[in-house]
Amino acid sequence: MTKWKEMRPLYRAMILIILSAFCFALMNMFVHLSGELPAVQKSFFRNFIAFIIALAAIVKNKTPLKLEKNAVVPLLLRSLLGTLGILCNFYALDRLDLADASILNKMSPFFVIIFSIMILKEKITVPQLLFVLGALVGAVFVVKPSFANTSTVPAFIALFGGICAGFAYTMVRLLGQRGVKGVIIVAFFSGFSCLVTLPFLIFNYHPMTLKQFIILICAGMSAAGGQFTITAAYTNAPAREVSVYDYTQIIFAAALGFFVFGQIPDALSWVGYAIIVAMAILMFIYNKRRGEPSLQKSQ
């Protein structure tokens, strides 16, 4: 634990966002395994488990629940936009090809940078922007979207979901700067999402088998891991330095697809993986050589 605290904030953020990518890839795998259930029902379980875990952590650590006035609005925006992002993504997954929905949703790391520049006044260099765009190109090689229906409502909703997620994670960064604990952010967001989806769950509940129930619990636990780690990542370092590592989720998803579903990546996918890994390595080397403020050891 001591070594972890002494680690440079940027390095902590890199590890955390890669862990979050793995957790969210696991979540998507479990959601896929859960079968034909309403998207809202899956979304409720996704957030309910995270809420319980966060609440338990708050009680155990006796974390103060009092918020400063300047944290209330960002917390509400993080919760509202985060919930919209989840619902839009689940809606798109039910109505678009998986590849199309995935690439539109993975626009979120790019929008995190845009909103961080606009709202937080963070600066980004041309190489940093190119590395993020390069990772997005790698993602395109992997998912190979057809964009046959880009003029349809589901495609626009999927893109809107990516924008919402980008804004939500920008609020996470802002809340971290204002001293709000990550566990408070996760608990508030998860509880908010549960309240929003609960009425739909009550009136449109679909009976589940024991297997489906267990799988959704696993999805919720994976989502909780993803929420905690990505929240911690964006409170440790600026988006311009770590958002590129969020694209590792695509590599983890491919690995899970191979081992769980027997899916074998094609040649273009391997090109995409290579590009994503290369962009991540280049971003790491670039930030290290520049000696960004976030590279300084935490006090």
# chains A, B, ... in the order shown; residues from 1 in each chain; ligands from 1
>>> closest_atom_pairs(of="range 73-180 of chain A", to="range 279-293 of chain A", cutoff="10 Å", atoms="only C-alpha atoms", output="tab-separated table")
residue	atom	partner	partner_atom	distance
A:Pro127	CA	A:Tyr286	CA	8.2
A:Gln128	CA	A:Met283	CA	6.7
A:Leu129	CA	A:Met283	CA	9.7
A:Leu130	CA	A:Met279	CA	8.7
A:Phe131	CA	A:Met279	CA	5.2
A:Val132	CA	A:Met279	CA	7.3
A:Leu133	CA	A:Met279	CA	9.0
A:Gly134	CA	A:Met279	CA	6.4
A:Ala135	CA	A:Met279	CA	5.9
A:Leu136	CA	A:Met279	CA	9.6
A:Gly138	CA	A:Met279	CA	8.9
>>> closest_residue(among="A:Ala158, A:Ile163, A:Met14, A:Val277", to="Tyr234 in chain A", atoms="only C-alpha atoms")
A:Met14
>>> residues_around(residues="Tyr247 in chain A", least_positions_apart="2", cutoff="7 Å", atoms="only C-alpha atoms", output="ChimeraX atom specification")
/A:135,244-245,249-250,276
>>> select_by_dssp(residues="range 86-271 of chain A", states="alpha helix (DSSP H)", output="ChimeraX atom specification")
/A:86-95,98-105,108-119,126-143,153-177,182-203,210-236,239-242,248-261,267-271
>>> residues_around(residues="Ile17 in chain A", least_positions_apart="2", cutoff="7 Å", atoms="only C-alpha atoms", output="ChimeraX atom specification")
/A:13-15,19-21,229-230,233,245-246
>>> closest_residue(among="A:Ala253, A:Ala232, A:Ala224, A:Ala239", to="Arg12 in chain A", atoms="only C-alpha atoms")
A:Ala232
>>> closest_atom_pairs(of="range 149-240 of chain A", to="range 56-80 of chain A", cutoff="10 Å", atoms="only C-alpha atoms", output="Markdown table")
| residue | atom | partner | partner_atom | distance |
| --- | --- | --- | --- | --- |
| A:Cys164 | CA | A:Leu80 | CA | 8.8 |
| A:Ala165 | CA | A:Arg78 | CA | 8.6 |
| A:Gly166 | CA | A:Arg78 | CA | 9.8 |
| A:Phe167 | CA | A:Arg78 | CA | 7.4 |
| A:Ala168 | CA | A:Arg78 | CA | 4.3 |
| A:Tyr169 | CA | A:Arg78 | CA | 7.0 |
| A:Thr170 | CA | A:Arg78 | CA | 8.1 |
| A:Met171 | CA | A:Arg78 | CA | 5.5 |
| A:Val172 | CA | A:Arg78 | CA | 6.7 |
| A:Arg173 | CA | A:Pro74 | CA | 9.8 |
| A:Leu174 | CA | A:Pro74 | CA | 7.4 |
| A:Leu175 | CA | A:Ala71 | CA | 6.3 |
| A:Gly176 | CA | A:Ala71 | CA | 9.5 |
| A:Gln177 | CA | A:Ala71 | CA | 9.8 |
| A:Arg178 | CA | A:Ala71 | CA | 6.9 |
| A:Gly179 | CA | A:Ala71 | CA | 8.7 |
| A:Val180 | CA | A:Ala71 | CA | 7.4 |
| A:Lys181 | CA | A:Thr63 | CA | 8.4 |
| A:Val183 | CA | A:Ile58 | CA | 6.9 |
| A:Ile184 | CA | A:Leu65 | CA | 7.4 |
| A:Ile185 | CA | A:Leu75 | CA | 6.9 |
| A:Val186 | CA | A:Ser79 | CA | 8.9 |
| A:Ala187 | CA | A:Ile58 | CA | 8.6 |
| A:Phe188 | CA | A:Ser79 | CA | 7.1 |
| A:Phe189 | CA | A:Ser79 | CA | 4.4 |
| A:Ser190 | CA | A:Ser79 | CA | 7.7 |
| A:Gly191 | CA | A:Ser79 | CA | 8.8 |
| A:Phe192 | CA | A:Ser79 | CA | 6.3 |
| A:Ser193 | CA | A:Ser79 | CA | 7.1 |
| A:Val196 | CA | A:Leu80 | CA | 9.3 |
>>> write_last_selection(atoms="C-alpha atoms", output="mmCIF file, in the first residue's frame")
data_model
loop_
_atom_site.group_PDB
_atom_site.id
_atom_site.type_symbol
_atom_site.label_atom_id
_atom_site.label_comp_id
_atom_site.auth_asym_id
_atom_site.auth_seq_id
_atom_site.Cartn_x
_atom_site.Cartn_y
_atom_site.Cartn_z
ATOM 1 C CA CYS A 164 -22.727 11.916 -22.352
ATOM 2 C CA ALA A 165 -20.107 9.507 -21.009
ATOM 3 C CA GLY A 166 -17.335 11.923 -21.984
ATOM 4 C CA PHE A 167 -19.035 14.774 -20.144
ATOM 5 C CA ALA A 168 -19.716 12.558 -17.117
ATOM 6 C CA TYR A 169 -16.048 11.572 -16.782
ATOM 7 C CA THR A 170 -15.057 15.226 -17.114
ATOM 8 C CA MET A 171 -17.260 15.920 -14.095
ATOM 9 C CA VAL A 172 -15.461 13.090 -12.280
ATOM 10 C CA ARG A 173 -12.174 14.891 -12.896
ATOM 11 C CA LEU A 174 -13.676 18.182 -11.672
ATOM 12 C CA LEU A 175 -15.072 16.535 -8.528
ATOM 13 C CA GLY A 176 -11.673 15.033 -7.795
ATOM 14 C CA GLN A 177 -10.109 18.471 -8.053
ATOM 15 C CA ARG A 178 -12.689 19.745 -5.559
ATOM 16 C CA GLY A 179 -11.848 17.053 -3.044
ATOM 17 C CA VAL A 180 -14.855 14.750 -3.399
ATOM 18 C CA LYS A 181 -14.013 11.150 -2.513
ATOM 19 C CA VAL A 183 -16.582 6.359 -3.178
ATOM 20 C CA ILE A 184 -19.049 9.257 -2.796
ATOM 21 C CA ILE A 185 -19.067 9.835 -6.557
ATOM 22 C CA VAL A 186 -19.702 6.134 -7.266
ATOM 23 C CA ALA A 187 -22.403 5.816 -4.600
ATOM 24 C CA PHE A 188 -24.289 8.924 -5.712
ATOM 25 C CA PHE A 189 -24.128 8.030 -9.399
ATOM 26 C CA SER A 190 -25.117 4.398 -8.856
ATOM 27 C CA GLY A 191 -27.968 5.296 -6.516
ATOM 28 C CA PHE A 192 -29.217 7.958 -8.937
ATOM 29 C CA SER A 193 -29.169 5.485 -11.829
ATOM 30 C CA VAL A 196 -34.160 6.400 -12.548
#
>>> atom_distance(atom1="CA of Ile275 in chain A", atom2="CA of Trp4 in chain A")
29.3 Å
>>> residues_around(residues="Leu201 in chain A", least_positions_apart="4", cutoff="12 Å", atoms="only C-alpha atoms", output="ChimeraX atom specification")
/A:37-45,193-197,205-207
>>> write_last_selection(atoms="N, CA and C atoms", output="compact mmCIF listing (two decimals), in the first residue's frame")
# COMPACT_ATOMS: atom_id res chain seq x y z
N LEU A 37 -32.93 -10.12 -22.07
CA LEU A 37 -33.57 -9.39 -20.99
C LEU A 37 -33.61 -7.91 -21.36
N PRO A 38 -34.60 -7.15 -20.86
CA PRO A 38 -34.68 -5.73 -21.19
C PRO A 38 -33.40 -4.98 -20.79
N ALA A 39 -33.02 -4.02 -21.60
CA ALA A 39 -31.79 -3.26 -21.35
C ALA A 39 -31.86 -2.54 -20.01
N VAL A 40 -33.03 -2.03 -19.65
CA VAL A 40 -33.17 -1.31 -18.38
C VAL A 40 -32.96 -2.25 -17.20
N GLN A 41 -33.41 -3.49 -17.33
CA GLN A 41 -33.24 -4.47 -16.27
C GLN A 41 -31.75 -4.78 -16.07
N LYS A 42 -31.04 -4.92 -17.18
CA LYS A 42 -29.59 -5.15 -17.10
C LYS A 42 -28.89 -3.93 -16.50
N SER A 43 -29.35 -2.74 -16.89
CA SER A 43 -28.75 -1.51 -16.39
C SER A 43 -28.94 -1.38 -14.88
N PHE A 44 -30.12 -1.76 -14.39
CA PHE A 44 -30.39 -1.67 -12.95
C PHE A 44 -29.41 -2.53 -12.17
N PHE A 45 -29.22 -3.77 -12.59
CA PHE A 45 -28.29 -4.65 -11.89
C PHE A 45 -26.87 -4.12 -12.00
N SER A 193 -28.81 6.32 -10.69
CA SER A 193 -29.17 5.49 -11.83
C SER A 193 -30.22 4.44 -11.46
N CYS A 194 -30.08 3.87 -10.25
CA CYS A 194 -31.05 2.87 -9.79
C CYS A 194 -32.43 3.49 -9.64
N LEU A 195 -32.49 4.68 -9.09
CA LEU A 195 -33.79 5.36 -8.91
C LEU A 195 -34.44 5.67 -10.24
N VAL A 196 -33.62 6.06 -11.22
CA VAL A 196 -34.16 6.40 -12.55
C VAL A 196 -34.72 5.17 -13.25
N THR A 197 -34.02 4.04 -13.13
CA THR A 197 -34.42 2.82 -13.86
C THR A 197 -35.42 1.96 -13.09
N TYR A 205 -40.73 -5.85 -15.69
CA TYR A 205 -39.80 -6.86 -15.18
C TYR A 205 -40.00 -8.18 -15.90
N HIS A 206 -38.88 -8.78 -16.33
CA HIS A 206 -38.91 -10.08 -16.97
C HIS A 206 -38.33 -11.12 -16.02
N PRO A 207 -39.07 -12.19 -15.74
CA PRO A 207 -38.56 -13.24 -14.84
C PRO A 207 -37.23 -13.79 -15.35
>>> atom_distance(atom1="CA of Ile18 in chain A", atom2="CA of Leu81 in chain A")
22.5 Å
>>> closest_residue(among="A:Val137, A:Ile264, A:Val242, A:Cys23", to="Pro109 in chain A", atoms="only C-alpha atoms")
A:Val242
>>> closest_residue(among="A:Val143, A:Thr248, A:Asn236, A:Ile215", to="Pro265 in chain A", atoms="only C-alpha atoms")
A:Val143
